[in-house]
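Structure file query.csv with CSV, C-alpha atoms:
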chain,number,residue,atom,x,y,z
C,17,MET,CA,0.0,0.0,0.0
C,18,ILE,CA,2.7,2.5,1.0
C,19,THR,CA,4.7,1.6,-2.1
C,20,THR,CA,1.6,2.2,-4.3
C,21,LEU,CA,1.1,5.6,-2.6
C,22,LEU,CA,4.7,6.5,-3.1
C,23,ILE,CA,4.5,5.7,-6.8
C,24,PHE,CA,1.3,7.9,-7.2
C,25,HIS,CA,3.1,10.6,-5.2
C,26,GLY,CA,6.0,10.4,-7.6
C,27,LEU,CA,3.8,10.4,-10.7
C,28,CYS,CA,1.8,13.5,-9.5
C,29,ALA,CA,5.2,15.2,-8.9
C,30,VAL,CA,6.4,14.4,-12.4
C,31,PHE,CA,3.2,15.9,-13.9
C,32,MET,CA,3.5,19.0,-11.8
C,33,LEU,CA,7.2,19.2,-12.6
C,34,GLY,CA,6.4,19.2,-16.3
C,35,ALA,CA,3.6,21.8,-16.0
C,36,LEU,CA,5.6,24.2,-13.8
C,37,THR,CA,8.7,23.9,-16.0
C,38,HIS,CA,6.7,24.7,-19.2
C,39,GLN,CA,5.0,27.5,-17.4
C,40,SER,CA,8.2,29.0,-15.9
C,41,LEU,CA,10.0,29.0,-19.2
C,42,SER,CA,7.0,30.4,-21.0
C,43,VAL,CA,7.1,33.5,-18.8
C,44,TRP,CA,10.9,33.9,-18.3
C,45,TRP,CA,12.0,33.0,-21.8
C,46,PRO,CA,8.9,33.5,-24.1
C,47,ALA,CA,9.0,31.8,-27.5
C,48,THR,CA,9.5,34.1,-30.5
C,49,ALA,CA,7.5,33.7,-33.7
C,50,GLY,CA,8.8,31.2,-36.2
C,51,GLY,CA,11.0,29.1,-34.0
C,52,ARG,CA,10.9,25.4,-34.8
C,53,THR,CA,13.3,23.8,-32.3
C,54,VAL,CA,12.2,21.6,-29.4
C,55,PHE,CA,13.2,24.3,-27.0
C,56,HIS,CA,11.0,26.8,-28.8
C,57,SER,CA,8.1,24.4,-28.6
C,58,PHE,CA,8.7,23.7,-25.0
C,59,ARG,CA,8.4,27.5,-24.2
C,60,ALA,CA,5.5,28.2,-26.6
C,61,VAL,CA,2.7,27.3,-24.2
C,62,ARG,CA,-0.1,29.3,-22.8
C,63,GLY,CA,1.1,29.5,-19.2
C,64,ALA,CA,-2.3,30.5,-17.7
C,65,SER,CA,-3.8,27.2,-18.8
C,66,TYR,CA,-1.5,25.3,-16.4
C,67,ALA,CA,-2.4,27.2,-13.3
C,68,ASN,CA,-5.5,25.3,-12.0
C,69,THR,CA,-3.8,22.0,-12.9
C,70,VAL,CA,-0.7,22.9,-10.9
C,71,VAL,CA,-2.8,23.9,-7.9
C,72,VAL,CA,-4.7,20.6,-7.9
C,73,LEU,CA,-1.6,18.5,-8.5
C,74,TYR,CA,0.3,20.3,-5.8
C,75,VAL,CA,-2.4,19.8,-3.2
C,76,VAL,CA,-2.9,16.1,-4.2
C,77,THR,CA,0.9,15.5,-4.1
C,78,VAL,CA,1.2,17.1,-0.6
C,79,LEU,CA,-1.8,15.1,0.6
C,80,LEU,CA,-0.2,11.8,-0.6
C,81,GLY,CA,3.1,12.9,0.9
C,82,SER,CA,1.4,13.7,4.2
C,83,ILE,CA,-0.1,10.1,4.3
C,84,LEU,CA,3.4,8.8,3.6
C,85,TYR,CA,5.1,11.0,6.1
C,86,PRO,CA,4.6,8.9,9.3
C,87,THR,CA,6.1,5.9,7.5
C,88,TYR,CA,9.1,8.1,6.6
C,89,ARG,CA,9.3,9.4,10.2
C,90,ILE,CA,9.3,6.0,11.8
C,91,GLY,CA,11.2,3.8,9.2
C,92,VAL,CA,13.4,6.0,7.1
C,93,ARG,CA,14.5,8.9,9.3
C,94,SER,CA,15.5,6.6,12.2
C,95,PHE,CA,17.3,4.4,9.6
C,96,PHE,CA,19.4,7.4,8.5
C,97,GLU,CA,20.0,8.4,12.1
C,98,ASP,CA,21.4,4.9,12.8
C,99,LEU,CA,23.7,5.2,9.8
C,100,ARG,CA,24.6,8.8,10.9
C,101,LEU,CA,23.4,10.1,7.5
C,102,SER,CA,22.7,13.5,8.9
C,103,ALA,CA,22.8,15.3,5.5
C,104,ALA,CA,20.2,12.9,4.1
C,105,ASN,CA,17.8,13.7,6.9
C,106,GLY,CA,18.6,17.4,6.6
C,107,VAL,CA,17.8,17.7,2.9
C,108,PHE,CA,14.5,15.9,3.5
C,109,GLU,CA,13.7,18.2,6.4
C,110,LEU,CA,14.3,21.1,4.1
C,111,LYS,CA,12.0,19.5,1.5
C,112,GLU,CA,9.2,19.2,4.0
C,113,HIS,CA,9.5,22.9,4.9
C,114,PHE,CA,10.0,24.2,1.3
C,115,VAL,CA,6.9,22.2,0.3
C,116,SER,CA,5.0,23.8,3.1
C,117,ILE,CA,6.0,27.3,1.9
C,118,GLY,CA,4.9,26.3,-1.6
C,119,LEU,CA,1.6,25.2,-0.2
C,120,GLY,CA,1.0,28.6,1.3
C,121,LEU,CA,2.1,30.3,-2.0
C,122,LEU,CA,-0.7,28.5,-4.0
C,123,PRO,CA,-3.5,31.1,-3.3
C,124,ALA,CA,-1.2,33.9,-4.5
C,125,TYR,CA,0.0,31.9,-7.5
C,126,TRP,CA,-3.6,31.2,-8.5
C,127,TYR,CA,-4.5,34.8,-8.0
C,128,PHE,CA,-1.7,36.1,-10.2
C,129,TRP,CA,-2.6,33.7,-13.0
C,130,ARG,CA,-6.2,34.6,-13.1
C,131,GLN,CA,-7.5,35.6,-16.5
C,132,PRO,CA,-7.2,38.3,-17.8
C,133,LEU,CA,-3.6,38.5,-16.7
C,134,ALA,CA,-2.9,41.8,-14.9
C,135,ALA,CA,0.1,43.6,-16.3
C,136,GLU,CA,1.0,45.2,-12.9
C,137,THR,CA,1.5,41.7,-11.3
C,138,ALA,CA,3.6,40.3,-14.2
C,139,MET,CA,6.8,40.3,-12.1
C,140,ALA,CA,5.1,38.7,-9.1
C,141,ARG,CA,3.6,36.1,-11.4
C,142,LYS,CA,7.0,35.2,-12.9
C,143,ALA,CA,8.7,35.1,-9.5
C,144,VAL,CA,6.1,33.1,-7.7
C,145,THR,CA,6.0,30.6,-10.6
C,146,ALA,CA,9.8,30.3,-10.6
C,147,LEU,CA,9.7,29.9,-6.8
C,148,LEU,CA,7.2,27.1,-7.0
C,149,ALA,CA,9.1,25.4,-9.8
C,150,PHE,CA,12.3,25.5,-7.7
C,151,ILE,CA,10.4,24.0,-4.7
C,152,VAL,CA,9.0,21.2,-6.8
C,153,TRP,CA,12.3,20.4,-8.5
C,154,TYR,CA,14.1,20.4,-5.2
C,155,ALA,CA,11.4,18.2,-3.6
C,156,PHE,CA,11.4,15.8,-6.5
C,157,ILE,CA,15.1,15.3,-6.6
C,158,VAL,CA,15.5,15.0,-2.8
C,159,GLY,CA,12.5,12.6,-2.6
C,160,HIS,CA,13.9,10.5,-5.3
C,161,VAL,CA,17.4,10.4,-3.8
C,162,VAL,CA,16.2,9.7,-0.3
C,163,SER,CA,13.9,6.9,-1.4
C,164,SER,CA,16.8,5.4,-3.3
C,165,ILE,CA,19.1,5.5,-0.3
C,166,ARG,CA,16.6,3.7,1.9
C,167,GLY,CA,15.1,1.5,-0.8
C,168,PHE,CA,11.8,-0.4,-0.7
C,169,GLY,CA,10.6,-2.9,1.8
C,170,PRO,CA,10.9,-3.3,5.6
H,7,MET,CA,-14.5,43.5,-4.3
H,8,SER,CA,-13.3,39.9,-4.7
H,9,VAL,CA,-12.0,38.0,-1.7
H,10,ALA,CA,-9.2,36.7,-4.0
H,11,ARG,CA,-7.4,40.1,-3.7
H,12,VAL,CA,-6.2,39.1,-0.3
H,13,PHE,CA,-4.7,35.8,-1.4
H,14,PRO,CA,-1.2,37.4,-1.7
H,15,VAL,CA,-1.6,38.6,1.9
H,16,PHE,CA,-2.5,35.0,2.9
H,17,SER,CA,0.6,33.7,1.2
H,18,VAL,CA,3.0,36.2,2.8
H,19,ALA,CA,1.4,35.7,6.3
H,20,PHE,CA,1.6,31.9,5.9
H,21,ALA,CA,5.3,32.0,5.1
H,22,VAL,CA,6.1,34.1,8.1
H,23,LEU,CA,3.9,32.2,10.5
H,24,TYR,CA,5.2,28.9,9.2
H,25,VAL,CA,8.8,29.7,10.0
H,26,LEU,CA,7.8,31.1,13.4
H,27,SER,CA,5.7,28.0,14.1
H,28,MET,CA,8.5,25.7,13.1
H,29,ASP,CA,11.2,27.5,15.0
H,30,ASN,CA,9.2,28.0,18.2
H,31,ASN,CA,7.2,24.7,17.8
H,32,TRP,CA,3.8,26.3,17.9
H,33,ALA,CA,2.1,23.2,16.7
H,34,LEU,CA,-1.7,23.2,16.9
H,35,PHE,CA,-1.6,19.5,17.4
H,36,THR,CA,0.8,16.6,17.6
H,37,TYR,CA,0.7,13.2,16.0
H,38,LEU,CA,2.4,10.2,17.5
H,39,ALA,CA,3.4,8.2,14.5
H,40,ARG,CA,3.8,4.8,16.0
H,41,ALA,CA,0.9,5.0,18.4
H,42,GLY,CA,-1.4,6.6,15.8
H,43,GLU,CA,-2.6,9.2,18.3
H,44,PHE,CA,-3.4,12.9,17.9
H,45,HIS,CA,-2.9,15.3,20.8
H,46,SER,CA,-3.8,18.9,21.0
H,47,LEU,CA,-0.9,21.5,21.0
H,48,VAL,CA,2.7,20.3,21.6
H,49,TYR,CA,2.8,16.9,23.2
H,50,ALA,CA,5.9,15.0,24.2
H,51,PRO,CA,5.5,11.2,24.1
H,52,PRO,CA,5.9,9.8,27.6
H,53,THR,CA,7.7,6.7,26.5
H,54,PRO,CA,9.9,5.8,23.4
H,55,ARG,CA,7.3,3.1,22.6
H,56,ALA,CA,4.9,5.8,21.4
H,57,GLY,CA,7.4,6.6,18.7
H,58,PRO,CA,8.5,10.0,17.5
H,59,ALA,CA,6.2,13.0,17.9
H,60,MET,CA,5.3,14.7,14.6
H,61,TYR,CA,4.6,18.4,14.6
H,62,TRP,CA,4.6,19.2,10.9
H,63,TRP,CA,0.9,18.9,10.4
H,64,GLY,CA,0.4,21.0,13.5
H,65,TRP,CA,2.7,23.7,12.2
H,66,LEU,CA,0.8,23.7,8.9
H,67,ALA,CA,-2.5,24.1,10.8
H,68,THR,CA,-1.2,26.9,13.0
H,69,SER,CA,0.1,28.8,9.9
H,70,ALA,CA,-3.0,28.2,7.8
H,71,ILE,CA,-5.4,29.4,10.5
H,72,GLY,CA,-3.2,32.4,11.4
H,73,ALA,CA,-2.8,33.4,7.8
H,74,ALA,CA,-6.5,33.1,7.2
H,75,ILE,CA,-7.1,35.5,10.1
H,76,VAL,CA,-4.6,38.0,8.7
H,77,ALA,CA,-6.1,37.7,5.3
H,78,GLY,CA,-9.6,38.1,6.8
H,79,ILE,CA,-8.4,41.3,8.5
H,80,ALA,CA,-6.9,42.5,5.2
H,81,ALA,CA,-10.2,41.8,3.4
H,82,ALA,CA,-12.1,44.0,5.9
H,83,LEU,CA,-9.8,46.9,5.1
H,84,PRO,CA,-10.5,49.2,2.1
H,85,ALA,CA,-9.1,47.8,-1.2
H,86,GLY,CA,-5.6,49.1,-1.9
H,87,TRP,CA,-4.9,50.0,1.7
H,88,ALA,CA,-2.1,47.5,2.2
H,89,GLY,CA,-0.3,48.6,-1.0
H,90,ARG,CA,-0.4,52.3,-0.2
H,91,ARG,CA,0.7,51.8,3.4
H,92,TRP,CA,3.8,49.7,2.4
H,93,SER,CA,4.6,52.1,-0.4
H,94,SER,CA,4.6,55.1,1.9
H,95,LEU,CA,6.9,53.4,4.3
H,96,THR,CA,9.4,51.7,2.1
H,97,GLY,CA,9.3,53.3,-1.3
H,98,PRO,CA,7.1,52.7,-4.4
H,99,THR,CA,8.2,49.2,-5.3
H,100,LEU,CA,7.5,47.2,-2.2
H,101,THR,CA,3.8,46.3,-2.6
H,102,TRP,CA,2.0,43.2,-1.8
H,103,PRO,CA,2.7,41.5,-5.2
H,104,THR,CA,6.4,42.1,-4.6
H,105,LEU,CA,6.2,40.9,-1.0
H,106,THR,CA,4.4,37.7,-2.2
H,107,TRP,CA,7.7,36.4,-3.6
H,108,VAL,CA,10.3,38.3,-1.6
H,109,VAL,CA,9.1,37.1,1.8
H,110,PRO,CA,8.7,33.4,0.9
H,111,LEU,CA,12.2,33.5,-0.8
H,112,ALA,CA,13.6,35.1,2.4
H,113,VAL,CA,11.8,32.4,4.5
H,114,LEU,CA,13.4,29.6,2.4
H,115,LEU,CA,16.9,31.1,3.2
H,116,VAL,CA,16.0,31.4,6.9
H,117,LEU,CA,14.9,27.8,6.9
H,118,VAL,CA,18.3,26.8,5.4
H,119,PHE,CA,20.0,28.7,8.1
H,120,LEU,CA,17.8,27.2,10.9
H,121,LEU,CA,18.5,23.7,9.7
H,122,ARG,CA,22.2,24.2,9.1
H,123,GLY,CA,22.9,21.9,12.0
H,124,TRP,CA,22.0,18.9,9.8
H,125,PHE,CA,24.9,19.8,7.5
H,126,ILE,CA,27.6,21.5,9.5
H,127,ARG,CA,28.7,21.4,13.1
H,128,VAL,CA,27.0,24.2,15.0
H,129,ALA,CA,28.6,25.5,18.2
In C-alpha cells, what does this structure look like?
Amino acid sequence: MITTLLIFHGLCAVFMLGALTHQSLSVWWPATAGGRTVFHSFRAVRGASYANTVVVLYVVTVLLGSILYPTYRIGVRSFFEDLRLSAANGVFELKEHFVSIGLGLLPAYWYFWRQPLAAETAMARKAVTALLAFIVWYAFIVGHVVSSIRGFGP
Amino acid sequence: MSVARVFPVFSVAFAVLYVLSMDNNWALFTYLARAGEFHSLVYAPPTPRAGPAMYWWGWLATSAIGAAIVAGIAAALPAGWAGRRWSSLTGPTLTWPTLTWVVPLAVLLVLVFLLRGWFIRVA
C-alpha cells in the first residue's frame, strides 16, 4: 500500500514538474515567432492554462506525501540516524519545509494567473511561478534520492 | 471586491507564520506516528514506545489558521490600503505583489539557516 502511494506521489510530482517547467520557461523565456526547435516548442505554451492543474496537482501531491510522512518518520529517518546520514535527513527536512511554503504560496500563485492576466502583477507572477518550480524540482530530486538510499521494503 | 485580492496577503502571512511556528514549535496538534494518536498542541511522548512526535501537520494548521485570520483582517480593510501603506513606508516598489515572492524567498533562506545543524557542526 505504501509503495503504491509512493508511486502515485512520484507520478503526481512528475506531472507537476512538467507543468511548472513549461509555465516558468514560457514567462521567463517567451517563445518568439517562427521558431521550430524543441526548446522553442517547450516554451511556446499558454502559461495560464496550467495554473489550475498545478494547484490541484500540488495539493494532491502534498496530501499523498502527508499520508506517507509517518512511514518516513518511523522507518526512514531513524534508519538514516542509525547510519549517521545526517545530511540525508537534513535535505529531507528542508524538502518538508520548502513544500509547506509552496503550499502557502498557492493562493497567490492562482490569483496572479487569473484571466485576464494583470500587467501590474507580471513580475510577481513570474517570480512566484519560478519559486514554485524551484520547490517542486528540489522536492522531487530529494524525494527520489532519499527513497533510493533507503530502498523499498521493511 | 473579490476575496481573492487578499490571497497574496495570505501567502505572505503563511510563510512568516510557518517559519515562526516551526522555529518555536507552535504546533496546533501533535501526531504520535507509532501509536497513531493525535494530541492537541505540543505533546511530548511519555515513552519511546509511542514513537516520535510529529509536529509538521500542527505547524501547517497553525500557519494556515493564522494566515486566514490575517487575510480576513486585510479583506475587511479598504481595497488598496495595504499597497499604499507599504509604499509610503518603504518606497514605491515594495507592494503586496512584490512581498508575495520576496518574503517566501527570504523564508526559504531562513529555513536553510535554521536547519544548518544537519549539514555543519553548529557550536
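Atom CA of C:Thr145 lies 24.2 Å from atom CA of H:Ala81.
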The residues within 10 Å of (3.2, 15.4, 2.3), using all atoms listed in the file and the coordinates of the file, should be reported as a ChimeraX atom specification; which are they? /C:25,74-86,111-112,115-116 /H:62-63
Could you take the residues named above and write them with C-alpha atoms, as a tab-separated table (two decimals), in the coordinates of the input?
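Saved file again28.tsv follows:
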chain	number	residue	atom	x	y	z
C	25	HIS	CA	3.10	10.60	-5.20
C	74	TYR	CA	0.30	20.30	-5.80
C	75	VAL	CA	-2.40	19.80	-3.20
C	76	VAL	CA	-2.90	16.10	-4.20
C	77	THR	CA	0.90	15.50	-4.10
C	78	VAL	CA	1.20	17.10	-0.60
C	79	LEU	CA	-1.80	15.10	0.60
C	80	LEU	CA	-0.20	11.80	-0.60
C	81	GLY	CA	3.10	12.90	0.90
C	82	SER	CA	1.40	13.70	4.20
C	83	ILE	CA	-0.10	10.10	4.30
C	84	LEU	CA	3.40	8.80	3.60
C	85	TYR	CA	5.10	11.00	6.10
C	86	PRO	CA	4.60	8.90	9.30
C	111	LYS	CA	12.00	19.50	1.50
C	112	GLU	CA	9.20	19.20	4.00
C	115	VAL	CA	6.90	22.20	0.30
C	116	SER	CA	5.00	23.80	3.10
H	62	TRP	CA	4.60	19.20	10.90
H	63	TRP	CA	0.90	18.90	10.40
Selection: 12 Å around C:Phe31, all atoms listed in the file, excl. self and same-chain fewer than 2 positions, as a ChimeraX atom specification: /C:24-29,33-38,66,69-74,76-77,149,152-153,156
Return as an NGL selection string the residues belonging to chain C that are within 10 Å of chain H, counting only C-alpha atoms. :C and (82 or 85-90 or 94 or 101-107 or 109-110 or 112-114 or 116-128 or 130 or 136-148 or 151)
Step by step: start from the point (7.4, 22.3, 17.4) in the file's coordinates, keep every protein, DNA or RNA residue that has an atom no farther than 8 Å from it, count all atoms listed in the file, and write the set as number ranges by chain. H: 27-33, 48, 61-62, 65
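One distance worth recording is that between atom CA of C:Gln39 and atom CA of C:Gly63, which is 4.7 Å.
A straight line drawn from atom CA of C:Arg166 to atom CA of C:Arg100 is 13.1 Å long.
If you measure from each of C:Ile165, C:Gly51, C:Ile23, C:Met17 to C:Phe95 using only C-alpha atoms, the closest one turns out to be C:Ile165.
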Taking all atoms listed in the file into account, name the residue in H:Ala67, H:Leu23, H:Leu34, H:Ala74 that is nearest to H:Val9. H:Ala74
